[in-house]
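Asks: Sharing a structure here in structure tokens format.
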Amino acid sequence: MFLHTSRLQFEAKPERPDAHYARKLQELIGGAWGEMTVTMQYLFQGWNCRMEGKYKDLIMDVATEEIGHVEMLSTMVARLLEGAPAETTAAMVDKDPVLAAVIGGMDPQQAIVSGGGPTLSDSNGVPWNGRYIVASGNLMADFRANVAAEAQGRLQTARLYNMSDDPGVRAMLKFNLARDTAHQNMWLAAIEELQADGLEGPVAPSALFDEEYQEHASTIWHNSDGTAGPEGRWASGPAPDGMREFSYKMDPEPLGDKASAPRPDPLLYATSPENLGLIEKAIKKLT
């Protein structure tokens with residue numbers, strides 16, 4: 001059960017309307033790394049979690065917070081669109097204010113589809129997609145995906161912060177930046193605790209180590225013409241899992257045979273050596 005309060009987690013009130021910036025802000029709602037993605041990612045991770053206790057409680061806490069972030073951004077977009085595409089943009093093109101909004105950078109769907117409000121889409125109007133989320137049931141794999149999601153979200157928020165000088169917009173984004181900082185640190189701490197509790201190791205999942213080819217489990221292959229790769233921490237010394245020693249293979253050789261597909265099903269009409277002369281045979285048959 002979810003309960004809603006009409007108060008926002010943080011204020012979302014611009015000093016003035018800005019239809020162009022409202023379109024940009026859509027990225028933080030419905031983009032691949034937007035708040036809708038982390039909302040659904042954390043909700044499904046929580047619902048998929050098979051272990052009651054602190055980890056599930058943490059996931060559901062932050063998932064529910066992210067619903068509030070979607071609401072904050074949606075409210076901000078609606079307020080930025082106040083008066084568009086009529087009053088705000090009429091000065092741009094007197095005869096056609098809708099055209100003016102488009103020329104001014106507004107997403108026309110915000111006027112045509114959502115009636116001057118936000119849409120569940122990114123800054124190009126591409127609808128949000130459930131395939132953006134990661135919810136595997138393995139907490140180590142999921143928490144690492146969460147760190148990446150919060151980092152990408154914070155990166156985009158930082159870029160958008162520098163695209164506006166509106167004090168109200170910037171105030172909300174300062175809050176969002178701070179929450180992204182908190183969440184990155186939170187997931188990093190949760191990753192450490194998973195290992196301290198003995199639930200997962202650095203490599204996820206902590207299984208099938210005895211099945212994999214051990215000789216390939218710690219080598220880094222030099223597969224480009226760059227020369228600085230061997231200078232990294234990953235080139236030698238103990239691996240983070242504490243079970244292996246890194247090595248850097250400078251001249252790796254392919255281990256497989258020549259790549260070739262099997263003969264095609266003739267009814268699929270793929271081009272192949274077996275097709276040689278088929279056209280000539282078909283022409284002779286017809287004539």
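How things are named: the first chain in the structure tokens is A, the next is B, and so on; residues count from 1 in each chain; ligands count from 1 in the order shown.
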Show me, as a PyMOL selection string, the residues that have an atom within 12 Å of Ser114 in chain A when counting only C-alpha atoms, minus same-chain residues fewer than 3 positions from it.
Replies: chain A and resi 74+77-78+81+107-111+117-121+125
Asks: Which polymer residues have any atom within 12 Å of an atom of Arg233 in chain A, counting only C-alpha atoms, with same-chain residues fewer than 6 positions away left out, as number ranges by chain?
Replies: A: 220, 239-240, 245-248
Asks: Quick one: residues within 12 Å of Trp33 in chain A, only C-alpha atoms counted, chain neighbours fewer than 2 positions away excluded, as a ChimeraX atom specification?
Replies: /A:26-31,35-41,121-123,128-134,145-157,180
Asks: For the structure I just gave you, how does DSSP split range 53-252 of chain A - specifically, which residues are helix (DSSP H, G or I)? Reply as a PyMOL selection string.
Replies: chain A and resi 54-80+97-103+108-112+130-132+139-161+167-196+214-216+229-231+233-235
Asks: Please list as a PyMOL selection string every residue within 9 Å of Asn138 in chain A, counting only C-alpha atoms and excluding residues in the same chain fewer than 2 positions away.
Replies: chain A and resi 45+49+135-136+140-143+200+204-205
Asks: So which residues of range 34-275 of chain A fall under strand (DSSP E) by DSSP, listed as a list in words?
Replies: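 Secondary structure check on range 34-275 of chain A, strand (DSSP E): Thr219, Ile220, Trp221, Gly237, Pro238, Glu245, Phe246, Ser247, Tyr248 and Lys249 of chain A.
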Asks: Can you spit out the residues from that selection as a PDB file, in the first residue's frame, using C-alpha atoms?
Replies:
ATOM      1  CA  THR A 219      43.737 -12.230 -17.576  1.00  0.00           C
ATOM      2  CA  ILE A 220      43.131  -8.897 -19.290  1.00  0.00           C
ATOM      3  CA  TRP A 221      43.484  -9.102 -23.058  1.00  0.00           C
ATOM      4  CA  GLY A 237      48.599  -7.855  -8.466  1.00  0.00           C
ATOM      5  CA  PRO A 238      45.702  -9.330  -6.514  1.00  0.00           C
ATOM      6  CA  GLU A 245      46.172 -12.484  -9.487  1.00  0.00           C
ATOM      7  CA  PHE A 246      45.737 -10.184 -12.452  1.00  0.00           C
ATOM      8  CA  SER A 247      47.860 -10.591 -15.572  1.00  0.00           C
ATOM      9  CA  TYR A 248      47.930  -8.673 -18.849  1.00  0.00           C
ATOM     10  CA  LYS A 249      48.063 -10.714 -22.042  1.00  0.00           C
TER      11      LYS A 249
END
Asks: Mind checking which residues fall within 12 Å of Pro264 in chain A, counting only C-alpha atoms, ignoring those fewer than 5 positions away in the same chain, and posting them as a list of chain:residue names?
Replies: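 Here the qualifying residues turn out to be A:Tyr269, A:Ala270, A:Thr271, A:Ser272, A:Pro273, A:Glu274, A:Asn275.
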Asks: Using only C-alpha atoms, can you tell me which of A:Pro252, A:Gly116, A:Gly137, A:Gly198 comes closest to Ala22 in chain A?
Replies: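 Once distances to Ala22 in chain A are computed over only C-alpha atoms, the minimum belongs to A:Gly116.
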Asks: Between CA of Ala19 in chain A and CA of Ile112 in chain A, what is the distance in Å, rounded to a tenth?
Replies: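 Interatomic distance, CA of Ala19 in chain A to CA of Ile112 in chain A: 13.7 Å.
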Asks: Quick check, in Å to one decimal: how far apart do CA of Ala228 in chain A and CA of Arg244 in chain A lie?
Replies: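 Going from CA of Ala228 in chain A over to CA of Arg244 in chain A covers 22.3 Å.
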Asks: If you count only C-alpha atoms, which residues fall within 8 Å of Leu43 in chain A, apart from same-chain ones fewer than 5 positions away, as a PyMOL selection string?
Replies: chain A and resi 59-60+63-64
Asks: Create the file for the chosen residues now, containing C-alpha atoms and written as a tab-separated table (two decimals), in the first residue's frame.
Replies:
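Result saved to result.tsv:
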chain	number	residue	atom	x	y	z
A	59	ILE	CA	15.21	-0.50	-1.24
A	60	MET	CA	11.55	0.27	-0.53
A	63	ALA	CA	11.92	3.59	-4.14
A	64	THR	CA	9.10	5.46	-2.46
